[in-house]
Amino acid sequence: MPAGHHQPIVRLGGTPAVALFVVSLFAFVTETQLSQYVQADLGFRQPYLIFYIVHSSFAVLFPLHLLYLHIFSQYSVSSLWTSVLSAVHKHLTPKADPDVAPYGHSRFPMRRFLRLLALMTTALTLPGVLWFIAVTLAPVTDVTALWNTNAFFAYVFTVMLSGGKWDKRRLLAVTIATTGALAVVYGGVTADGNNSDTVTDSSVAPSRAGPFVGDLLTLAASMIYAAYQVFYKMHAALPDDPEVQTTDALYSPISGEESFVDDIEHSHPSSLLIDDSIIHPLPFGLYPNFLTFAIGICTMLVLWLPLPFLDALDIEPFELPRTGTTYGVIAGIALSGALFNAGFMVLLGAWGPIVTSVGSLLTIVLVFLSDAIFGGAVEAVTVCSVLGCGAIVAAFAILAYDLTKSR
């Protein structure tokens, strides 16, 4: 495309972001319900294998995104690919070298990119692995409740690591949302101890041996996941992407020795990459989709390694699906999981970890309604669970209002 031609900026809260948020919510509900179905009803209890398939499927959406843009826009696949690599190249260039040559005229910072990719993949994988361990040790109600405290930790880490000030309205909203999540989880427990609002692997029976250890593992997983959200916003998201432009001081990148990774710093904002084949700004969501794609490739190439050990130690004997229905349901889990996580990555850059994590708690409301309507779990509808759902919705409304007022 001609140099200097910019597409319209997608403003925060615009139609693309809101539509993506809605799609992400329903994708998570679909992933949850299908995961329960394949393990509880179809009897395919291979949690790590499903986890590996879902995270590997992250690599699917970026090529589809490129194809979509190639068909429905003036951009070629090569120019889109070059532009994404150029953006990564510029983003990972040390701040000390603001006038680095554009991509293609200097070496791509492969070591820095691989370091960032390894950190992101680890931070996204470790909470999931800890969660799968925790559900074998602690009651699923405890696991679900403690996991959903990641919204609170996301706010705490954001303030601590950015050096920002505590905002009473945001703190109140996050506290209300977390309390609402606890109310839904524990309010939906019936007299016989069952919980309709389970998480991904509800069929795993908790062990009585170590509920306290399971709770600690879940709490650690929640904190790591919250830290990942803040890390992505402060270090991985592009500061000059349309969906990332913000005046919010809480999400300003920290500098110098306070950085998570000393070598990865934001480049000089006035030094833009201008070239006949470079698209700037990138189409909405393309850059975070590329990072999601890279995490999927990394998962596919590396995280199959535990499978033989899990099989040899009889922790999770390896088994392939035996019916076409099971294959189809797993494919649905993978697709919905990829949609949710890709959307989540885009929204992390657009809305920041606080709003995105609280917004994700709306999935509790949707799963609760889905269980009550389609799952026959009407007995789980209690005053506490209804009030909890209302609290989550109210908290997200407070943050959404605060977000629109600050723009």
# chains A, B, ... in the order shown; residues from 1 in each chain; ligands from 1
>>> closest_atom_pairs(of="segment 279-390 of chain A", to="segment 22-41 of chain A", cutoff="10 Å", atoms="only C-alpha atoms", output="tab-separated table")
residue	atom	partner	partner_atom	distance
A:Pro321	CA	A:Val38	CA	9.9
A:Thr325	CA	A:Val38	CA	9.1
A:Thr326	CA	A:Val38	CA	6.6
A:Tyr327	CA	A:Val38	CA	9.4
A:Gly328	CA	A:Val38	CA	9.8
A:Val329	CA	A:Leu34	CA	6.4
A:Ile330	CA	A:Val38	CA	7.4
A:Ala331	CA	A:Leu34	CA	9.8
A:Gly332	CA	A:Leu34	CA	7.3
A:Ile333	CA	A:Glu31	CA	4.9
A:Ala334	CA	A:Glu31	CA	7.7
A:Leu335	CA	A:Glu31	CA	8.3
A:Ser336	CA	A:Ala27	CA	4.8
A:Gly337	CA	A:Glu31	CA	5.8
A:Ala338	CA	A:Ala27	CA	8.5
A:Leu339	CA	A:Ala27	CA	6.3
A:Phe340	CA	A:Ser24	CA	4.4
A:Asn341	CA	A:Ser24	CA	7.6
A:Ala342	CA	A:Ser24	CA	8.3
A:Gly343	CA	A:Ser24	CA	5.7
A:Phe344	CA	A:Ser24	CA	7.0
A:Leu347	CA	A:Ser24	CA	9.6
A:Gly359	CA	A:Leu25	CA	8.6
A:Ser360	CA	A:Leu25	CA	7.0
A:Leu361	CA	A:Leu25	CA	9.2
A:Leu362	CA	A:Leu25	CA	7.3
A:Thr363	CA	A:Leu25	CA	5.7
A:Ile364	CA	A:Val29	CA	8.4
A:Val365	CA	A:Val29	CA	9.6
A:Leu366	CA	A:Val29	CA	6.7
A:Val367	CA	A:Val29	CA	5.7
A:Phe368	CA	A:Val29	CA	9.5
A:Ser370	CA	A:Val29	CA	8.1
A:Asp371	CA	A:Gln33	CA	8.6
A:Gly375	CA	A:Gln33	CA	9.3
>>> closest_residue(among="A:Gly128, A:Pro283, A:Pro317, A:Pro109", to="Phe51 of chain A", atoms="only C-alpha atoms")
A:Gly128
>>> residues_around(residues="Val129 of chain A", least_positions_apart="6", cutoff="12 Å", atoms="only C-alpha atoms", output="PyMOL selection string")
chain A and resi 47-52+55+122-123+135-136+217-218+220-222+224-225+303+306
>>> atom_distance(atom1="atom CA of Leu146 of chain A", atom2="atom CA of Trp131 of chain A")
10.3 Å
>>> residues_around(residues="Thr121 of chain A", least_positions_apart="6", cutoff="10 Å", atoms="only C-alpha atoms", output="PyMOL selection string")
chain A and resi 55+115+228+291-292+294-299+303
>>> write_last_selection(atoms="all heavy atoms", output="mmCIF file, in the first residue's frame")
data_model
loop_
_atom_site.group_PDB
_atom_site.id
_atom_site.type_symbol
_atom_site.label_atom_id
_atom_site.label_comp_id
_atom_site.auth_asym_id
_atom_site.auth_seq_id
_atom_site.Cartn_x
_atom_site.Cartn_y
_atom_site.Cartn_z
ATOM 1 N N HIS A 55 -4.316 -25.306 23.599
ATOM 2 C CA HIS A 55 -3.279 -24.271 23.527
ATOM 3 C C HIS A 55 -2.506 -24.340 22.207
ATOM 4 O O HIS A 55 -2.042 -23.304 21.717
ATOM 5 C CB HIS A 55 -2.338 -24.381 24.721
ATOM 6 C CG HIS A 55 -2.874 -23.729 25.957
ATOM 7 N ND1 HIS A 55 -2.158 -22.810 26.693
ATOM 8 C CD2 HIS A 55 -4.084 -23.844 26.577
ATOM 9 C CE1 HIS A 55 -2.893 -22.385 27.708
ATOM 10 N NE2 HIS A 55 -4.060 -23.012 27.659
ATOM 11 N N ARG A 115 12.739 -14.808 24.033
ATOM 12 C CA ARG A 115 12.653 -14.615 25.475
ATOM 13 C C ARG A 115 11.248 -14.173 25.877
ATOM 14 O O ARG A 115 10.663 -14.690 26.833
ATOM 15 C CB ARG A 115 13.684 -13.585 25.929
ATOM 16 C CG ARG A 115 13.759 -13.396 27.443
ATOM 17 C CD ARG A 115 14.745 -12.302 27.807
ATOM 18 N NE ARG A 115 16.053 -12.556 27.219
ATOM 19 C CZ ARG A 115 17.060 -11.691 27.306
ATOM 20 N NH1 ARG A 115 16.909 -10.543 27.912
ATOM 21 N NH2 ARG A 115 18.222 -11.991 26.760
ATOM 22 N N TYR A 228 0.478 -12.349 34.536
ATOM 23 C CA TYR A 228 0.606 -12.458 33.079
ATOM 24 C C TYR A 228 -0.177 -11.357 32.375
ATOM 25 O O TYR A 228 0.309 -10.752 31.407
ATOM 26 C CB TYR A 228 0.105 -13.831 32.622
ATOM 27 C CG TYR A 228 -0.172 -13.901 31.138
ATOM 28 C CD1 TYR A 228 0.873 -14.020 30.224
ATOM 29 C CD2 TYR A 228 -1.481 -13.822 30.653
ATOM 30 C CE1 TYR A 228 0.624 -14.064 28.859
ATOM 31 C CE2 TYR A 228 -1.731 -13.866 29.292
ATOM 32 C CZ TYR A 228 -0.688 -13.980 28.404
ATOM 33 O OH TYR A 228 -0.928 -14.012 27.052
ATOM 34 N N LEU A 291 0.945 -12.818 18.367
ATOM 35 C CA LEU A 291 1.537 -13.322 19.604
ATOM 36 C C LEU A 291 0.818 -14.589 20.073
ATOM 37 O O LEU A 291 1.468 -15.531 20.539
ATOM 38 C CB LEU A 291 1.479 -12.249 20.687
ATOM 39 C CG LEU A 291 2.338 -11.008 20.464
ATOM 40 C CD1 LEU A 291 2.204 -10.051 21.648
ATOM 41 C CD2 LEU A 291 3.802 -11.381 20.255
ATOM 42 N N THR A 292 -0.504 -14.616 19.934
ATOM 43 C CA THR A 292 -1.254 -15.826 20.275
ATOM 44 C C THR A 292 -0.830 -16.984 19.385
ATOM 45 O O THR A 292 -0.675 -18.126 19.838
ATOM 46 C CB THR A 292 -2.764 -15.574 20.124
ATOM 47 O OG1 THR A 292 -3.143 -14.434 20.885
ATOM 48 C CG2 THR A 292 -3.567 -16.772 20.603
ATOM 49 N N ALA A 294 2.099 -17.329 17.985
ATOM 50 C CA ALA A 294 3.442 -17.748 18.395
ATOM 51 C C ALA A 294 3.390 -18.621 19.643
ATOM 52 O O ALA A 294 4.130 -19.609 19.759
ATOM 53 C CB ALA A 294 4.312 -16.508 18.644
ATOM 54 N N ILE A 295 2.502 -18.276 20.582
ATOM 55 C CA ILE A 295 2.341 -19.105 21.777
ATOM 56 C C ILE A 295 1.823 -20.494 21.399
ATOM 57 O O ILE A 295 2.260 -21.513 21.952
ATOM 58 C CB ILE A 295 1.376 -18.418 22.769
ATOM 59 C CG1 ILE A 295 2.020 -17.152 23.351
ATOM 60 C CG2 ILE A 295 0.980 -19.375 23.897
ATOM 61 C CD1 ILE A 295 1.087 -16.333 24.213
ATOM 62 N N GLY A 296 0.903 -20.537 20.443
ATOM 63 C CA GLY A 296 0.392 -21.827 19.988
ATOM 64 C C GLY A 296 1.467 -22.689 19.362
ATOM 65 O O GLY A 296 1.542 -23.899 19.628
ATOM 66 N N ILE A 297 2.311 -22.085 18.534
ATOM 67 C CA ILE A 297 3.413 -22.833 17.918
ATOM 68 C C ILE A 297 4.385 -23.332 18.976
ATOM 69 O O ILE A 297 4.849 -24.487 18.943
ATOM 70 C CB ILE A 297 4.154 -21.949 16.896
ATOM 71 C CG1 ILE A 297 3.235 -21.611 15.711
ATOM 72 C CG2 ILE A 297 5.419 -22.639 16.404
ATOM 73 C CD1 ILE A 297 2.808 -22.815 14.897
ATOM 74 N N CYS A 298 4.715 -22.460 19.939
ATOM 75 C CA CYS A 298 5.624 -22.842 21.019
ATOM 76 C C CYS A 298 5.044 -23.996 21.829
ATOM 77 O O CYS A 298 5.749 -24.953 22.164
ATOM 78 C CB CYS A 298 5.885 -21.623 21.911
ATOM 79 S SG CYS A 298 7.106 -21.902 23.211
ATOM 80 N N THR A 299 3.758 -23.929 22.120
ATOM 81 C CA THR A 299 3.088 -25.007 22.848
ATOM 82 C C THR A 299 3.140 -26.312 22.066
ATOM 83 O O THR A 299 3.455 -27.377 22.613
ATOM 84 C CB THR A 299 1.624 -24.626 23.118
ATOM 85 O OG1 THR A 299 1.569 -23.441 23.912
ATOM 86 C CG2 THR A 299 0.894 -25.747 23.834
ATOM 87 N N LEU A 303 5.349 -28.482 24.492
ATOM 88 C CA LEU A 303 4.563 -29.010 25.600
ATOM 89 C C LEU A 303 3.979 -30.398 25.362
ATOM 90 O O LEU A 303 3.205 -30.896 26.181
ATOM 91 C CB LEU A 303 3.447 -28.020 25.943
ATOM 92 C CG LEU A 303 3.925 -26.699 26.534
ATOM 93 C CD1 LEU A 303 2.759 -25.817 26.934
ATOM 94 C CD2 LEU A 303 4.841 -26.925 27.730
#
>>> residues_around(residues="Ser79 of chain A", least_positions_apart="6", cutoff="8 Å", atoms="only C-alpha atoms", output="list in words")
Ser277, Ile278 and Ile279 of chain A
>>> write_last_selection(atoms="N, CA and C atoms", output="CSV table (one decimal), in the first residue's frame")
chain,number,residue,atom,x,y,z
A,277,SER,N,5.9,-1.3,1.8
A,277,SER,CA,5.3,-2.5,2.2
A,277,SER,C,4.8,-2.6,3.6
A,278,ILE,N,5.0,-1.5,4.4
A,278,ILE,CA,4.7,-1.5,5.8
A,278,ILE,C,3.3,-0.9,6.0
A,279,ILE,N,2.4,-1.6,6.7
A,279,ILE,CA,1.1,-1.1,7.0
A,279,ILE,C,1.1,-0.6,8.5
>>> atom_distance(atom1="atom CA of Asn150 of chain A", atom2="atom CA of Ala177 of chain A")
10.7 Å
>>> closest_residue(among="A:Ala236, A:Ala87, A:Ala138, A:Leu399", to="Leu117 of chain A", atoms="only C-alpha atoms")
A:Ala236
>>> atom_distance(atom1="atom CA of Tyr155 of chain A", atom2="atom CA of Leu171 of chain A")
7.5 Å
